[in-house]
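K.L.:
Have a look at this one before I ask anything.
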Amino acid sequence: MDPSLNSSPVEAEPVVADPPRRPRRRPARADVLAIGAYAVLGVLVCLNYWGDVEHRVSSHLPTDHSWFEWLFAHGAYSVRHLENPLFTARQNAPDGVNMMANTSLLGVTLPLAPLTLLLGPQVMYALYLGAALSATAATSYWVLSRHLVRSRGAAFVGGAFLGFAPGIVHHANGQPNFVSNFLLPLIVARVLRLGEPGRWRRNGIALGLLVAYQIFINEEMLLLTALACLVVVVAWVVQRPRAARERAGAFLAAGGVGGGLALLLTAYPIWFQFNGPQSYRGLQGGVFHNWGEDLMAFVTFARDTVAGDEAVEKTIGLTEQNTWFGWPLVLVALVALVLLVRRSLPARILAVLVVVFSVAAIGPKVRFDGVETTVDGPWAYVPDDLPLVEMMMPTRLSLVVAAAVGVLLALAWEALSGRGRPPVPAQRTGSAPPRFRRWLRPVGYAAIVAALLPLFPRPLPAQQIDPPPHFIMAGGWRPYVPDGRTLVPVPIPSNVHGLPTLRWSALTRQEFPIPGGYFIGPNEAGEGVFGAPNRPTSTLIYATMDANKVPPLTEENRRQALDDLRFWKASVVVLGANPREAVLRDLMTALLGPPQRVDDVWLWDVRDRV
């Protein structure tokens, strides 16, 4: 057998080296088949959306789904009108939204703006979601096959898991920013080559460009990747101190070039994020810090896999399903580590990653099978306002564990294929017993496949949603909303109410500004809160919806309604079809007087009153 796990350049110096250069050639048939398989998986995951793409949203996170549709519309609006994409006044009028201080996905929505204008945000959302999953698997496959393993089968298995791990597919339910990880394998590969002799300038520039672009896709995943790379480098230095000293100069020089270039390219957007209009400092109460990973989640099957169970999700899925490997994969991963860790430096580094990030993901209190114990977790000692980590959820640190498991699967498959050092104890002659070797390979392959099959993703659950009123989509609102004024939908969009009315803005290319919305902005203390601060009228609307009856109203309520409409710069108030349409119509009639019936909406023209 070829002991590649022990003698390959990556094994010897994984932080700085690169395998011998192969002559340039067309992609192998295996590469084409792998990428094609990933594309098919991406289509499968989004299959329920394509049944009626214009009228379906995520059943799990319908509001997040609508927010990202709105983001695609924002990118198209910014390009079409040549406006600053870092800020928008089309939502939360008149204050607007700081897009850098929110999950805005500008690195995707801006270059895809022409397609969004052509296809619409609903089609663009579903199309991009499947493509992002497939692209992450493809870049993972490329990095694994070119820098770590020689077996295309091993790279395919690892890439498939990195792109479609249960935790990643879980986030595909309304959060495409967390499946847009296609740059992360390239960033990791570039970090591991920073100490390459004679190439510090080129490697640094490449890393800087990748990091700068990733900032406009998902800063949180970039931070997780940076933390993982830090652990990898430290673990390598501890095990290869002599090589580390020899390459420290090139590594630091390349890192300095990369960091300087990334900072140069993103200095203004980052400044805008923390100091621009509608910026904020941390989340009120540090709410994310309480979301740690349940210990039982590691051995539980995720909901969106063929073995998933929604009943179990309700017990321990109170946070996010970022691990949810199922017990077979946990057993296979542990056995692979035991067999590989003595012979493979990458396996030893993966073991360190798994331990460090599994512990870090626990959160402030240890949770077990849905029960929060009294045992303190590591985040009990992390201040809520610590810079950089103030917005992090501890459970998301376990996404690094998922990545480590994907790479470990590739190493294990490589060893079984005969292209790496066999993961069995050798005899004194240097080879495993013949009978043992005969059954090891099929048993090993079968164990990996059996562990992965229950995790095969199912199509994401989707629910039907009513289209916006014809009055909105056909432009019937145009005579009523002059420039500088807003259309006030009822209910006012928020993170709890008004999901359909937020889509009015997204599906009309954001042609009219609206108050409220679904975003993070500052409260009076400058802390981040979800949605716009409630005004008296929006609070009254939400309370009426919850109670399904109009409360007693006073002249003060009517005065406040006019004040709020004046603050929102309203020109017209519009109520479309809604499960609470009757009671909302009675409420707004009591506040503003009788409405007009225009097309398929109730309309209050307030231009002469505010």
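Lettering and numbering for the structure tokens are positional, with chains as A, B, ... in the shown order, residues counted from 1 in each chain, and ligands counted from 1 in the shown order.
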What are the closest atom pairs, with distances in Å to one decimal, for all residues of segment 138-205 of chain A lying within 10 Å of segment 32-52 of chain A? Consider only C-alpha atoms, order rows by chain and residue number, and present the result as CSV.
P.N.:
```
residue,atom,partner,partner_atom,distance
A:Ala138,CA,A:Ile35,CA,5.8
A:Thr139,CA,A:Ile35,CA,9.3
A:Tyr141,CA,A:Ala34,CA,8.1
A:Trp142,CA,A:Ile35,CA,9.7
A:Arg152,CA,A:Ala34,CA,8.7
A:Gly153,CA,A:Ala34,CA,8.9
A:Ala155,CA,A:Ala34,CA,9.1
A:Phe156,CA,A:Ala34,CA,6.2
A:Val157,CA,A:Ala34,CA,9.4
A:Gly159,CA,A:Tyr38,CA,8.8
A:Ala160,CA,A:Tyr38,CA,7.0
A:Gly163,CA,A:Tyr38,CA,8.3
A:Phe164,CA,A:Leu41,CA,8.3
A:Val169,CA,A:Val45,CA,8.0
A:Ala172,CA,A:Val45,CA,8.6
A:Asn173,CA,A:Cys46,CA,9.6
```
K.L.:
Which residues, written as a ChimeraX atom specification, have at least one atom at most 6 Å from segment 368-377 of chain A, with only C-alpha atoms counted and residues fewer than 3 positions away on the same chain left out?
P.N.:
/A:294-296,315-316,362-365,380
K.L.:
Got a sec: who's within 12 Å of Thr395 of chain A, counting only C-alpha atoms, leaving out chain neighbours fewer than 6 positions off, as a VMD selection string?
P.N.:
chain A and resid 167 224 288 to 295 297 to 298 317 to 324 357 to 367 377 to 379 401 to 402
K.L.:
Residues of segment 478-527 of chain A classed as helix (DSSP H, G or I) by DSSP on the backbone are to be reported as a list in words.
P.N.:
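Written out, the helix (DSSP H, G or I) residues of segment 478-527 of chain A are Arg478, Pro479, Tyr480, Leu499, Pro500, Thr501, Leu502, Arg503, Trp504, Ser505, Ala506 and Leu507 of chain A.
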K.L.:
Can those selected residues be exported to a file as a short mmCIF file (atom, residue, chain, number, x, y, z; two decimals), in the first residue's frame so that it contains all heavy atoms?
P.N.:
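In the end it all went to again_38.cif:
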```cif
data_model
loop_
_atom_site.label_atom_id
_atom_site.label_comp_id
_atom_site.auth_asym_id
_atom_site.auth_seq_id
_atom_site.Cartn_x
_atom_site.Cartn_y
_atom_site.Cartn_z
N ARG A 478 -49.87 53.17 -7.14
CA ARG A 478 -49.02 54.26 -7.63
C ARG A 478 -49.67 55.65 -7.53
O ARG A 478 -49.00 56.61 -7.12
CB ARG A 478 -48.59 53.98 -9.07
CG ARG A 478 -47.66 52.78 -9.19
CD ARG A 478 -47.14 52.59 -10.61
NE ARG A 478 -46.33 51.39 -10.73
CZ ARG A 478 -45.05 51.31 -10.38
NH1 ARG A 478 -44.43 52.40 -9.91
NH2 ARG A 478 -44.39 50.17 -10.51
N PRO A 479 -50.94 55.82 -7.89
CA PRO A 479 -51.53 57.17 -7.76
C PRO A 479 -51.60 57.68 -6.33
O PRO A 479 -51.75 58.88 -6.12
CB PRO A 479 -52.94 56.99 -8.35
CG PRO A 479 -52.87 55.76 -9.19
CD PRO A 479 -51.89 54.88 -8.52
N TYR A 480 -51.48 56.79 -5.37
CA TYR A 480 -51.65 57.17 -3.97
C TYR A 480 -50.34 57.42 -3.23
O TYR A 480 -50.35 57.95 -2.13
CB TYR A 480 -52.42 56.07 -3.21
CG TYR A 480 -53.79 55.80 -3.74
CD1 TYR A 480 -54.00 54.79 -4.69
CD2 TYR A 480 -54.89 56.53 -3.30
CE1 TYR A 480 -55.27 54.53 -5.19
CE2 TYR A 480 -56.16 56.27 -3.80
CZ TYR A 480 -56.35 55.26 -4.74
OH TYR A 480 -57.60 55.00 -5.21
N LEU A 499 -45.82 38.92 8.12
CA LEU A 499 -44.98 38.25 7.11
C LEU A 499 -45.48 38.52 5.69
O LEU A 499 -44.70 38.89 4.82
CB LEU A 499 -44.94 36.75 7.40
CG LEU A 499 -44.46 35.84 6.26
CD1 LEU A 499 -43.02 36.17 5.89
CD2 LEU A 499 -44.59 34.38 6.66
N PRO A 500 -46.78 38.36 5.41
CA PRO A 500 -47.23 38.62 4.03
C PRO A 500 -46.97 40.05 3.58
O PRO A 500 -46.63 40.28 2.42
CB PRO A 500 -48.72 38.30 4.08
CG PRO A 500 -48.88 37.38 5.25
CD PRO A 500 -47.88 37.86 6.24
N THR A 501 -47.14 41.03 4.48
CA THR A 501 -46.98 42.41 4.06
C THR A 501 -45.52 42.77 3.81
O THR A 501 -45.24 43.69 3.03
CB THR A 501 -47.59 43.37 5.10
OG1 THR A 501 -47.06 43.07 6.41
CG2 THR A 501 -49.09 43.23 5.14
N LEU A 502 -44.57 42.08 4.42
CA LEU A 502 -43.16 42.29 4.08
C LEU A 502 -42.89 41.86 2.65
O LEU A 502 -42.11 42.48 1.93
CB LEU A 502 -42.26 41.51 5.05
CG LEU A 502 -40.76 41.60 4.79
CD1 LEU A 502 -40.27 43.04 4.92
CD2 LEU A 502 -39.99 40.68 5.74
N ARG A 503 -43.57 40.80 2.20
CA ARG A 503 -43.39 40.32 0.84
C ARG A 503 -43.97 41.29 -0.19
O ARG A 503 -43.58 41.27 -1.35
CB ARG A 503 -44.01 38.94 0.67
CG ARG A 503 -43.41 37.88 1.56
CD ARG A 503 -43.99 36.51 1.30
NE ARG A 503 -43.32 35.84 0.19
CZ ARG A 503 -43.95 35.34 -0.86
NH1 ARG A 503 -45.26 35.46 -0.98
NH2 ARG A 503 -43.28 34.72 -1.81
N TRP A 504 -44.92 42.15 0.23
CA TRP A 504 -45.43 43.16 -0.70
C TRP A 504 -44.27 43.98 -1.24
O TRP A 504 -44.21 44.31 -2.43
CB TRP A 504 -46.41 44.10 0.00
CG TRP A 504 -47.70 43.48 0.42
CD1 TRP A 504 -48.04 42.16 0.39
CD2 TRP A 504 -48.84 44.17 0.94
NE1 TRP A 504 -49.31 41.98 0.87
CE2 TRP A 504 -49.83 43.20 1.21
CE3 TRP A 504 -49.12 45.51 1.20
CZ2 TRP A 504 -51.07 43.53 1.74
CZ3 TRP A 504 -50.35 45.85 1.73
CH2 TRP A 504 -51.32 44.87 2.00
N SER A 505 -43.34 44.35 -0.35
CA SER A 505 -42.19 45.15 -0.75
C SER A 505 -41.25 44.34 -1.62
O SER A 505 -40.78 44.83 -2.66
CB SER A 505 -41.47 45.66 0.50
OG SER A 505 -40.26 46.30 0.16
N ALA A 506 -40.96 43.10 -1.22
CA ALA A 506 -39.99 42.28 -1.96
C ALA A 506 -40.46 42.00 -3.37
O ALA A 506 -39.68 42.06 -4.32
CB ALA A 506 -39.75 40.97 -1.21
N LEU A 507 -41.75 41.69 -3.53
CA LEU A 507 -42.25 41.23 -4.83
C LEU A 507 -42.63 42.37 -5.76
O LEU A 507 -43.02 42.12 -6.91
CB LEU A 507 -43.43 40.28 -4.63
CG LEU A 507 -43.16 39.06 -3.74
CD1 LEU A 507 -44.32 38.09 -3.79
CD2 LEU A 507 -41.85 38.37 -4.13
#
```
K.L.:
Give me the residues within 12 Å of segment 592-596 of chain A as a PyMOL selection string, counting only C-alpha atoms and dropping any in the same chain fewer than 3 places off.
P.N.:
chain A and resi 537+553+555+557-563+565+572-575+584-589+599-606+609-610
K.L.:
Just the number, please: distance in Å from atom CA of Phe161 of chain A to atom CA of Trp67 of chain A, one decimal.
P.N.:
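Between these atoms lies a distance of 27.4 Å.
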K.L.:
For each of A:Ser58, A:Asn495, A:Ser66, A:Asn84, take the minimum atom-to-atom distance to Leu110 of chain A, counting only C-alpha atoms, then give the residue where this is smallest.
P.N.:
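Of the candidates, the smallest distance to Leu110 of chain A is held by A:Asn84.
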K.L.:
From the set A:Leu119, A:Arg509, A:Arg202, A:Gly531, which residue has the shortest atom-to-atom contact distance to Ser78 of chain A, counting only C-alpha atoms?
P.N.:
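The answer is A:Arg509, which sits nearest to Ser78 of chain A.
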K.L.:
Mind pulling up the distance from atom CA of Trp477 of chain A to atom CA of Pro579 of chain A?
P.N.:
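Interatomic distance, atom CA of Pro579 of chain A to atom CA of Trp477 of chain A: 22.2 Å.
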K.L.:
Which polymer residues have any atom within 7 Å of an atom of segment 123-127 of chain A, counting only C-alpha atoms, with same-chain residues fewer than 3 positions away left out, as a list in words?
P.N.:
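My reading of the contact set: Cys46, Tyr49, Val53, Glu54, Glu69, Thr116, Leu119, Gly120, Gly130 and Ala131 of chain A.
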K.L.:
Point out the residue among A:Pro493, A:Pro346, A:Gly107, A:Pro468 with the least atom-to-atom distance to Thr63 of chain A, counting only C-alpha atoms.
P.N.:
A:Pro493
K.L.:
Quick one: pull the distance between atom CA of Ala462 of chain A and atom CA of Pro121 of chain A, Å, one decimal.
P.N.:
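These atoms are spaced 16.5 Å apart.
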K.L.:
With a distance cut-off of 7 Å and only C-alpha atoms, select the neighbouring residues of segment 544-550 of chain A, excluding the residue or stretch itself and same-chain residues fewer than 4 positions from it, and output the selection as a ChimeraX atom specification.
P.N.:
/A:540,580,583,587
K.L.:
Find the residues around Thr225 of chain A up to 12 Å (only C-alpha atoms counted), leave out those fewer than 4 positions away in its own chain, and share them as a PyMOL selection string.
P.N.:
chain A and resi 181+183-189+191+211+214-215+218-221+229-232+353+357+396-401+403-404
K.L.:
Could those residues be written to a file, using C-alpha atoms, as a CSV table (one decimal), in the first residue's frame?
P.N.:
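selection-v9.csv, freshly written:
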```csv
chain,number,residue,atom,x,y,z
A,181,ASN,CA,-19.8,28.3,2.6
A,183,LEU,CA,-15.4,30.1,-0.1
A,184,LEU,CA,-14.5,28.6,3.3
A,185,PRO,CA,-12.6,25.5,2.0
A,186,LEU,CA,-10.6,27.8,-0.3
A,187,ILE,CA,-9.8,30.1,2.7
A,188,VAL,CA,-8.7,27.2,4.8
A,189,ALA,CA,-6.5,25.8,2.0
A,191,VAL,CA,-4.2,29.6,5.3
A,211,VAL,CA,-11.6,37.0,3.2
A,214,GLN,CA,-16.5,36.3,2.5
A,215,ILE,CA,-17.2,39.4,4.8
A,218,ASN,CA,-21.4,35.7,6.2
A,219,GLU,CA,-19.1,37.3,8.8
A,220,GLU,CA,-20.1,34.7,11.5
A,221,MET,CA,-19.0,31.7,9.4
A,229,CYS,CA,-7.7,27.8,11.5
A,230,LEU,CA,-6.1,29.2,14.7
A,231,VAL,CA,-6.6,25.9,16.5
A,232,VAL,CA,-5.2,24.0,13.5
A,353,LEU,CA,-10.8,20.4,16.6
A,357,PHE,CA,-15.3,23.0,19.5
A,396,ARG,CA,-23.0,27.3,16.0
A,397,LEU,CA,-19.4,26.5,17.1
A,398,SER,CA,-20.4,22.9,16.5
A,399,LEU,CA,-20.5,23.6,12.8
A,400,VAL,CA,-16.7,23.4,13.0
A,401,VAL,CA,-17.2,19.9,14.4
A,403,ALA,CA,-16.6,20.2,9.1
A,404,ALA,CA,-14.0,18.2,11.0
```
